[in-house]
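Read the structure below first, then the notes.
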Amino acid sequence: MTETAATPPCIAVENLTMAFGDHVVQRDVSFRVRRRSIFAIIGGSGSGKSTLLKHMVGLLAPATGSVHIEGVDMAADDARDYRRPYPFGVLFQGGALWSSMTVGENVALPLQLYTRYSADAMADQVAFKLALVGLGGAAAVSPADLSGGMRKRAALARALALDPQILFLDEPSAGLDPINSRRLDDLILQLREALGVTIVVVTHELASIFAIADDCIFLDTERKTAIAHGDPKVLRDHSKDPTVREFLSRGAPAPVAEGGG
Amino acid sequence: MGSAANKPDSTSPAAATSDLPWTLRVAGGTAELRFAGDWQSGAEGPVASPEILDRLAAQGAPRRLSVSGAALRTWNNQLAAALFGLQQNARRRGIATEFTDLPPDLARMLAMGGAREEPAEPDARARSLLVAVGEGVLQRLRATVEVCTSIGAVVLAALAAARGRARVRTGDYSALVRAAGADALGIVVVVNFLVGAILAFIGAVQLEQFGAQIYVADVVGIATAREMAAIITAIVLAGRTGAAFASEIAAMQGNDEIDALRTLGVSPYEYLVMPRVFALSVVMPFLYVFACAVGILGGLVIAAGMLDMTGGAYVEETRLAIGAHQFVVGGLKSLCFGALIAIVGCHIGLQAGRSAADVGRAATSAVVVSILGIILIDAVFAVCTHVLGV
């Protein structure tokens, strides 16, 4: 199970510059995501966290640089082979459930597209994935009848449908109450522990960042690049950059504790 | 951690192709289900829980099911889903399930799924025919009341506007008039020219048999000014602008934009509906005038081409055939059609649900209802003008 030097990194982002036309969002962002790690993308509002996520899953093409997932260049045309599933699941910020289908049909669609499960096996899968996110009885409900938080959890069940080895989560706990938010953190940790899933998460929630993330990258709005990279707990206490320390301690910068103390 | 997916233990023999890595033994009232070896299901999928339960039922329907995974080496989430389904479906059949010796991670995955039961399935009881009919009638009645309320709200908003008290951004008027009028001119001209030409063609073939070709101008002129120009233009605008109004307002609904207006104390009828009704009512008579002109021109082109009629003679005959009252009737109709299309489109948009499919449904029914309304209003006009002798 341990990662050897020979295996390619799970996700490798090299010198990525993200831009919409002439408007540069972030430049020269490079990092690697270790297999079985929980990697947080953090930064202020408007720093391009969600944009980075969309580049990583191949929805947006890099202005320069590259994104590789399991060795596949996400910007290359052959990465967009819609005949086979990507090796990852994506949870979008607003849930992005297909509103013409019930919640259960939303979760079942990836299975119908990419597996030959029997109807019974599919029903087991859908029921289990919905139960994992705490929506056990909601299979027959239409997404329009769910609250925002429930919609988000249903979308997570859909992202889990094919048991992907990589999960991209955009603000998973936004709109959840503290208890469900905590439960979601537990589920994320459990998915990693039990199934070795690699998780990339965009989030603002400091509690969640410190509870689950073991690696993170900090995108700065003003300098338009990544200014810190590492374990969030270490960055909070020891980052040389006051912006990072301030962000990770909710605006009350902790004193630099480099000399030990 | 030797239990992760897609990482079969190298010492294990290749998973048997057909026989599954589970065994079932029934003794007394208890069934024992053992999972062993490597659980790696392929694209055909894992064993489904009803399959196991059916076999159980075939072996004497025990009341207790004990599931053991002591000899399980690797597993993936598909096994977790199958076991979860087993537990759920067994409970439904009155069988108690207990799990023993599962790998700790698998047990925890199952616990995460089983820990909570949330909203119950919606009540899907069958309705009797009588109830269905009754509910249908009540729904239609409610819809009728809602339409009347809409029309009333538009009238009130228009009165407020007349007194200069409507809260509307004046820029919206000109944008709406341009979108519904100037931008639609091209398609209105093309369609009405062709309709005029078709009328002339049919008239020419029939009237030629009696040597009465000159009356083609009368047929085209009266039909265009009184009926066709107004109706054809209205149908084009119903498909173009009515559908646009309905889908735009329905999408705003889904985005909570209508609620945002209401919380500002602004009525959507005042801010959204009234300007649209005004814009369409204003542009329709102008479009009608264009439609008449090109319809008659279409007839002229066919008549001149097919019947050796000079353009001058055709125009003169048309002038004699149509009185000013024909244009008044047509113009009034087009005004009513414009108001109808806008009210229907906006009303359906405001009543729409909040999903993407609802936006499509709103656009569809706006067009259908508008066209039906256009024909109905036209029939009412026909009766009235007949009685009045116009």
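Letters A, B, ... mark the chains of the structure tokens in the order given; residue numbers begin at 1 per chain; ligand numbers begin at 1, in order shown.
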Inset, instruction - Just the strand (DSSP E) stuff from range 207-237 of chain A, please, per backbone DSSP, written as an NGL selection string. - result: :A and (215-220 or 225-230)
Could you save the residues just selected, with C-alpha atoms, as a PDB file, in the first residue's frame?
ATOM      1  CA  ASP A 215      -1.619  19.011   3.124  1.00  0.00           C
ATOM      2  CA  CYS A 216      -2.774  22.281   1.638  1.00  0.00           C
ATOM      3  CA  ILE A 217      -1.991  25.075  -0.772  1.00  0.00           C
ATOM      4  CA  PHE A 218      -2.797  28.716  -0.064  1.00  0.00           C
ATOM      5  CA  LEU A 219      -3.799  30.910  -3.018  1.00  0.00           C
ATOM      6  CA  ASP A 220      -3.326  34.634  -2.487  1.00  0.00           C
ATOM      7  CA  THR A 225      -0.053  32.917  -6.898  1.00  0.00           C
ATOM      8  CA  ALA A 226       0.305  30.187  -4.303  1.00  0.00           C
ATOM      9  CA  ILE A 227       2.161  31.611  -1.325  1.00  0.00           C
ATOM     10  CA  ALA A 228       2.200  28.632   1.011  1.00  0.00           C
ATOM     11  CA  HIS A 229       2.179  24.867   0.742  1.00  0.00           C
ATOM     12  CA  GLY A 230       2.218  22.289   3.525  1.00  0.00           C
TER      13      GLY A 230
END
Legend entry - Neighbour list for range 133-135 of chain A as a ChimeraX atom specification, cut-off 12 Å, only C-alpha atoms, skip fewer than 5 positions in-chain: /A:103-104,107,126-128,140-141,143,146-147,149-161,172-173,176,179-188,191 /B:109-121
Expected file: the selected residues, N, CA and C atoms, as a compact mmCIF listing (two decimals), in the first residue's frame:
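Printed below is out26.txt as written:
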# COMPACT_ATOMS: atom_id res chain seq x y z
N VAL A 103 -33.54 12.10 -6.90
CA VAL A 103 -32.22 11.96 -6.27
C VAL A 103 -31.63 10.59 -6.56
N GLY A 104 -32.47 9.55 -6.44
CA GLY A 104 -31.99 8.18 -6.69
C GLY A 104 -31.51 8.02 -8.12
N VAL A 107 -28.06 9.44 -8.62
CA VAL A 107 -26.96 8.60 -8.15
C VAL A 107 -26.79 7.38 -9.07
N VAL A 126 -27.21 2.44 -4.75
CA VAL A 126 -27.83 3.76 -4.58
C VAL A 126 -28.26 3.95 -3.13
N ALA A 127 -28.87 2.90 -2.55
CA ALA A 127 -29.34 3.01 -1.16
C ALA A 127 -28.16 3.23 -0.23
N PHE A 128 -27.06 2.51 -0.47
CA PHE A 128 -25.90 2.64 0.42
C PHE A 128 -25.27 4.02 0.31
N ALA A 140 -36.55 8.85 -3.81
CA ALA A 140 -37.63 9.15 -4.74
C ALA A 140 -37.97 10.64 -4.79
N VAL A 141 -37.21 11.45 -4.04
CA VAL A 141 -37.52 12.87 -3.96
C VAL A 141 -36.86 13.60 -5.14
N PRO A 143 -34.81 16.75 -6.70
CA PRO A 143 -33.83 17.67 -6.11
C PRO A 143 -34.44 19.01 -5.73
N LEU A 146 -35.49 19.40 -2.11
CA LEU A 146 -34.51 19.26 -1.03
C LEU A 146 -34.00 20.63 -0.62
N SER A 147 -33.56 20.72 0.64
CA SER A 147 -32.91 21.95 1.08
C SER A 147 -31.51 22.02 0.47
N GLY A 149 -28.54 22.16 1.80
CA GLY A 149 -27.58 21.24 2.39
C GLY A 149 -27.83 19.80 1.97
N MET A 150 -29.12 19.43 1.89
CA MET A 150 -29.45 18.06 1.47
C MET A 150 -29.06 17.85 0.01
N ARG A 151 -29.26 18.89 -0.80
CA ARG A 151 -28.89 18.79 -2.21
C ARG A 151 -27.39 18.52 -2.35
N LYS A 152 -26.65 19.22 -1.49
CA LYS A 152 -25.20 19.06 -1.51
C LYS A 152 -24.81 17.62 -1.15
N ARG A 153 -25.47 17.08 -0.13
CA ARG A 153 -25.13 15.72 0.28
C ARG A 153 -25.55 14.71 -0.78
N ALA A 154 -26.71 14.96 -1.42
CA ALA A 154 -27.13 14.07 -2.50
C ALA A 154 -26.11 14.10 -3.63
N ALA A 155 -25.57 15.29 -3.90
CA ALA A 155 -24.56 15.41 -4.95
C ALA A 155 -23.30 14.65 -4.56
N LEU A 156 -22.98 14.63 -3.26
CA LEU A 156 -21.82 13.86 -2.81
C LEU A 156 -22.06 12.37 -3.04
N ALA A 157 -23.30 11.91 -2.78
CA ALA A 157 -23.62 10.51 -3.04
C ALA A 157 -23.42 10.19 -4.52
N ARG A 158 -23.78 11.13 -5.41
CA ARG A 158 -23.59 10.90 -6.83
C ARG A 158 -22.10 10.84 -7.17
N ALA A 159 -21.31 11.72 -6.52
CA ALA A 159 -19.86 11.71 -6.78
C ALA A 159 -19.25 10.38 -6.32
N LEU A 160 -19.86 9.76 -5.30
CA LEU A 160 -19.32 8.49 -4.77
C LEU A 160 -19.83 7.28 -5.55
N ALA A 161 -20.75 7.50 -6.49
CA ALA A 161 -21.47 6.38 -7.10
C ALA A 161 -20.55 5.30 -7.65
N PRO A 172 -17.55 21.41 0.38
CA PRO A 172 -18.52 20.36 0.74
C PRO A 172 -19.37 20.72 1.94
N SER A 173 -18.84 21.48 2.91
CA SER A 173 -19.63 21.69 4.12
C SER A 173 -20.35 23.03 4.12
N LEU A 176 -24.11 23.38 5.47
CA LEU A 176 -24.47 22.28 6.37
C LEU A 176 -24.42 22.77 7.81
N ILE A 179 -23.36 19.76 12.89
CA ILE A 179 -23.33 18.31 13.12
C ILE A 179 -23.12 17.56 11.81
N ASN A 180 -23.89 17.97 10.78
CA ASN A 180 -23.72 17.32 9.48
C ASN A 180 -22.37 17.63 8.88
N SER A 181 -21.88 18.82 9.17
CA SER A 181 -20.56 19.21 8.68
C SER A 181 -19.49 18.29 9.29
N ARG A 182 -19.61 18.05 10.58
CA ARG A 182 -18.70 17.16 11.29
C ARG A 182 -18.79 15.73 10.74
N ARG A 183 -20.04 15.29 10.50
CA ARG A 183 -20.28 13.95 9.96
C ARG A 183 -19.63 13.78 8.60
N LEU A 184 -19.71 14.87 7.82
CA LEU A 184 -19.12 14.84 6.49
C LEU A 184 -17.61 14.69 6.60
N ASP A 185 -17.01 15.41 7.57
CA ASP A 185 -15.58 15.27 7.80
C ASP A 185 -15.24 13.82 8.16
N ASP A 186 -16.08 13.23 9.04
CA ASP A 186 -15.85 11.84 9.42
C ASP A 186 -15.93 10.92 8.21
N LEU A 187 -16.93 11.18 7.35
CA LEU A 187 -17.09 10.35 6.16
C LEU A 187 -15.86 10.46 5.26
N ILE A 188 -15.36 11.70 5.10
CA ILE A 188 -14.19 11.90 4.25
C ILE A 188 -12.99 11.13 4.81
N LEU A 191 -13.51 7.37 4.26
CA LEU A 191 -13.29 6.96 2.87
C LEU A 191 -11.80 6.81 2.61
N MET B 109 -17.54 1.46 7.66
CA MET B 109 -18.25 1.97 6.49
C MET B 109 -19.74 1.67 6.63
N LEU B 110 -20.05 0.43 7.03
CA LEU B 110 -21.45 0.04 7.18
C LEU B 110 -22.13 0.88 8.25
N ALA B 111 -21.40 1.12 9.34
CA ALA B 111 -21.99 1.90 10.43
C ALA B 111 -22.30 3.31 9.95
N MET B 112 -21.43 3.88 9.10
CA MET B 112 -21.68 5.24 8.62
C MET B 112 -22.97 5.29 7.82
N GLY B 113 -23.26 4.21 7.11
CA GLY B 113 -24.49 4.19 6.33
C GLY B 113 -25.71 3.92 7.20
N GLY B 114 -25.55 3.04 8.19
CA GLY B 114 -26.71 2.60 8.95
C GLY B 114 -27.04 3.47 10.13
N ALA B 115 -26.13 4.40 10.46
CA ALA B 115 -26.30 5.15 11.69
C ALA B 115 -27.57 5.97 11.71
N ARG B 116 -27.99 6.46 10.55
CA ARG B 116 -29.15 7.36 10.60
C ARG B 116 -30.13 7.04 9.49
N GLU B 117 -31.35 7.20 9.85
CA GLU B 117 -32.42 7.05 8.88
C GLU B 117 -33.07 8.40 8.75
N GLU B 118 -33.11 8.91 7.55
CA GLU B 118 -33.68 10.24 7.43
C GLU B 118 -35.02 10.23 6.70
N PRO B 119 -35.34 11.31 5.96
CA PRO B 119 -36.74 11.49 5.54
C PRO B 119 -37.38 10.24 4.96
N ALA B 120 -38.60 10.02 5.32
CA ALA B 120 -39.32 8.86 4.84
C ALA B 120 -39.68 9.03 3.37
N GLU B 121 -39.93 7.91 2.72
CA GLU B 121 -40.35 7.96 1.32
C GLU B 121 -41.65 8.75 1.22
Inset, instruction - Go through range 93-207 of chain B and collect every residue that DSSP, computed from the backbone, puts in alpha helix (DSSP H); the answer should be as a PyMOL selection string. - result: chain B and resi 104-114+129-162+170-180+185-207
Inset, instruction - Output as a VMD selection string the set of chain A residues within 9 Å of chain B, with distances taken over only C-alpha atoms. - result: chain A and resid 1 98 to 100 114 to 141 143 to 144 163 165 183 186 to 187 190 to 191 193 to 196
Set the distance at 10 Å and use only C-alpha atoms: which residues neighbour Leu340 in chain B once local chain neighbours fewer than 5 positions away are removed? I'd like the list as a PDB file with N, CA and C atoms, in the first residue's frame.
ATOM      1  N   ILE B 151     -54.092  39.133 -14.509  1.00  0.00           N
ATOM      2  CA  ILE B 151     -54.564  40.222 -15.369  1.00  0.00           C
ATOM      3  C   ILE B 151     -54.882  41.444 -14.511  1.00  0.00           C
ATOM      4  N   ALA B 234     -48.736  37.585 -34.740  1.00  0.00           N
ATOM      5  CA  ALA B 234     -48.911  37.204 -33.336  1.00  0.00           C
ATOM      6  C   ALA B 234     -48.316  35.828 -33.070  1.00  0.00           C
ATOM      7  N   ALA B 238     -45.485  34.947 -30.499  1.00  0.00           N
ATOM      8  CA  ALA B 238     -45.737  34.008 -29.400  1.00  0.00           C
ATOM      9  C   ALA B 238     -44.566  33.036 -29.285  1.00  0.00           C
ATOM     10  N   GLY B 242     -42.967  35.467 -26.542  1.00  0.00           N
ATOM     11  CA  GLY B 242     -43.721  34.880 -25.435  1.00  0.00           C
ATOM     12  C   GLY B 242     -42.915  33.800 -24.738  1.00  0.00           C
ATOM     13  N   VAL B 277     -45.827  43.666 -20.979  1.00  0.00           N
ATOM     14  CA  VAL B 277     -47.135  43.802 -21.614  1.00  0.00           C
ATOM     15  C   VAL B 277     -47.174  45.110 -22.404  1.00  0.00           C
ATOM     16  N   LEU B 280     -44.963  44.795 -25.683  1.00  0.00           N
ATOM     17  CA  LEU B 280     -45.559  44.005 -26.765  1.00  0.00           C
ATOM     18  C   LEU B 280     -46.793  44.691 -27.327  1.00  0.00           C
ATOM     19  N   SER B 281     -47.614  45.321 -26.458  1.00  0.00           N
ATOM     20  CA  SER B 281     -48.807  46.004 -26.952  1.00  0.00           C
ATOM     21  C   SER B 281     -48.426  47.169 -27.851  1.00  0.00           C
ATOM     22  N   SER B 334     -54.335  43.122 -33.286  1.00  0.00           N
ATOM     23  CA  SER B 334     -52.908  42.936 -33.002  1.00  0.00           C
ATOM     24  C   SER B 334     -52.555  43.502 -31.630  1.00  0.00           C
ATOM     25  N   LEU B 335     -53.233  44.596 -31.247  1.00  0.00           N
ATOM     26  CA  LEU B 335     -53.006  45.148 -29.907  1.00  0.00           C
ATOM     27  C   LEU B 335     -53.381  44.119 -28.833  1.00  0.00           C
ATOM     28  N   GLY B 345     -47.176  34.734 -21.268  1.00  0.00           N
ATOM     29  CA  GLY B 345     -45.769  34.368 -21.071  1.00  0.00           C
ATOM     30  C   GLY B 345     -45.301  34.680 -19.658  1.00  0.00           C
ATOM     31  N   CYS B 346     -45.599  35.894 -19.182  1.00  0.00           N
ATOM     32  CA  CYS B 346     -45.142  36.292 -17.849  1.00  0.00           C
ATOM     33  C   CYS B 346     -45.852  35.485 -16.767  1.00  0.00           C
ATOM     34  N   VAL B 369     -50.400  27.990 -25.042  1.00  0.00           N
ATOM     35  CA  VAL B 369     -51.534  28.765 -24.526  1.00  0.00           C
ATOM     36  C   VAL B 369     -51.711  30.049 -25.331  1.00  0.00           C
ATOM     37  N   SER B 370     -50.601  30.704 -25.715  1.00  0.00           N
ATOM     38  CA  SER B 370     -50.710  31.941 -26.494  1.00  0.00           C
ATOM     39  C   SER B 370     -51.398  31.692 -27.823  1.00  0.00           C
ATOM     40  N   ILE B 371     -51.002  30.640 -28.529  1.00  0.00           N
ATOM     41  CA  ILE B 371     -51.586  30.390 -29.846  1.00  0.00           C
ATOM     42  C   ILE B 371     -53.072  30.080 -29.712  1.00  0.00           C
ATOM     43  N   GLY B 373     -55.012  31.155 -27.348  1.00  0.00           N
ATOM     44  CA  GLY B 373     -55.660  32.419 -27.021  1.00  0.00           C
ATOM     45  C   GLY B 373     -55.811  33.308 -28.240  1.00  0.00           C
ATOM     46  N   ILE B 374     -54.807  33.321 -29.107  1.00  0.00           N
ATOM     47  CA  ILE B 374     -54.870  34.149 -30.320  1.00  0.00           C
ATOM     48  C   ILE B 374     -56.060  33.730 -31.172  1.00  0.00           C
ATOM     49  N   ILE B 377     -59.376  34.739 -29.426  1.00  0.00           N
ATOM     50  CA  ILE B 377     -59.651  36.178 -29.537  1.00  0.00           C
ATOM     51  C   ILE B 377     -60.085  36.520 -30.955  1.00  0.00           C
TER      52      ILE B 377
END
Legend entry - Residue contacts of Val29 in chain A (9 Å, only C-alpha atoms) excluding same-chain residues fewer than 6 positions away, as a ChimeraX atom specification: /A:13-18,65,219,225-226
Inset, instruction - Considering only C-alpha atoms, return as a list in words whatever protein or nucleic-acid residues lie within 12 Å of Gly152 in chain B, sequence-local ones (same chain, fewer than 3 positions apart) excluded. - result: Val145, Glu146, Val147, Cys148, Thr149, Val155, Leu156, Ala157, Ala158, Leu159, Tyr269, Glu270, Val273, Met274, Ile343 and His347 of chain B
Inset, instruction - Mind checking which residues fall within 12 Å of Val57 in chain A, counting only C-alpha atoms, ignoring those fewer than 4 positions away in the same chain, and posting them as a ChimeraX atom specification? - result: /A:11-13,50-53,61-62,66-70,72-76,79-80,86-92,166-170,200
Legend entry - Straight-line distance linking CA of Val24 in chain A with CA of Lys224 in chain A, stated in Å to one decimal: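 Value for the CA of Val24 in chain A-CA of Lys224 in chain A distance: 7.8 Å.
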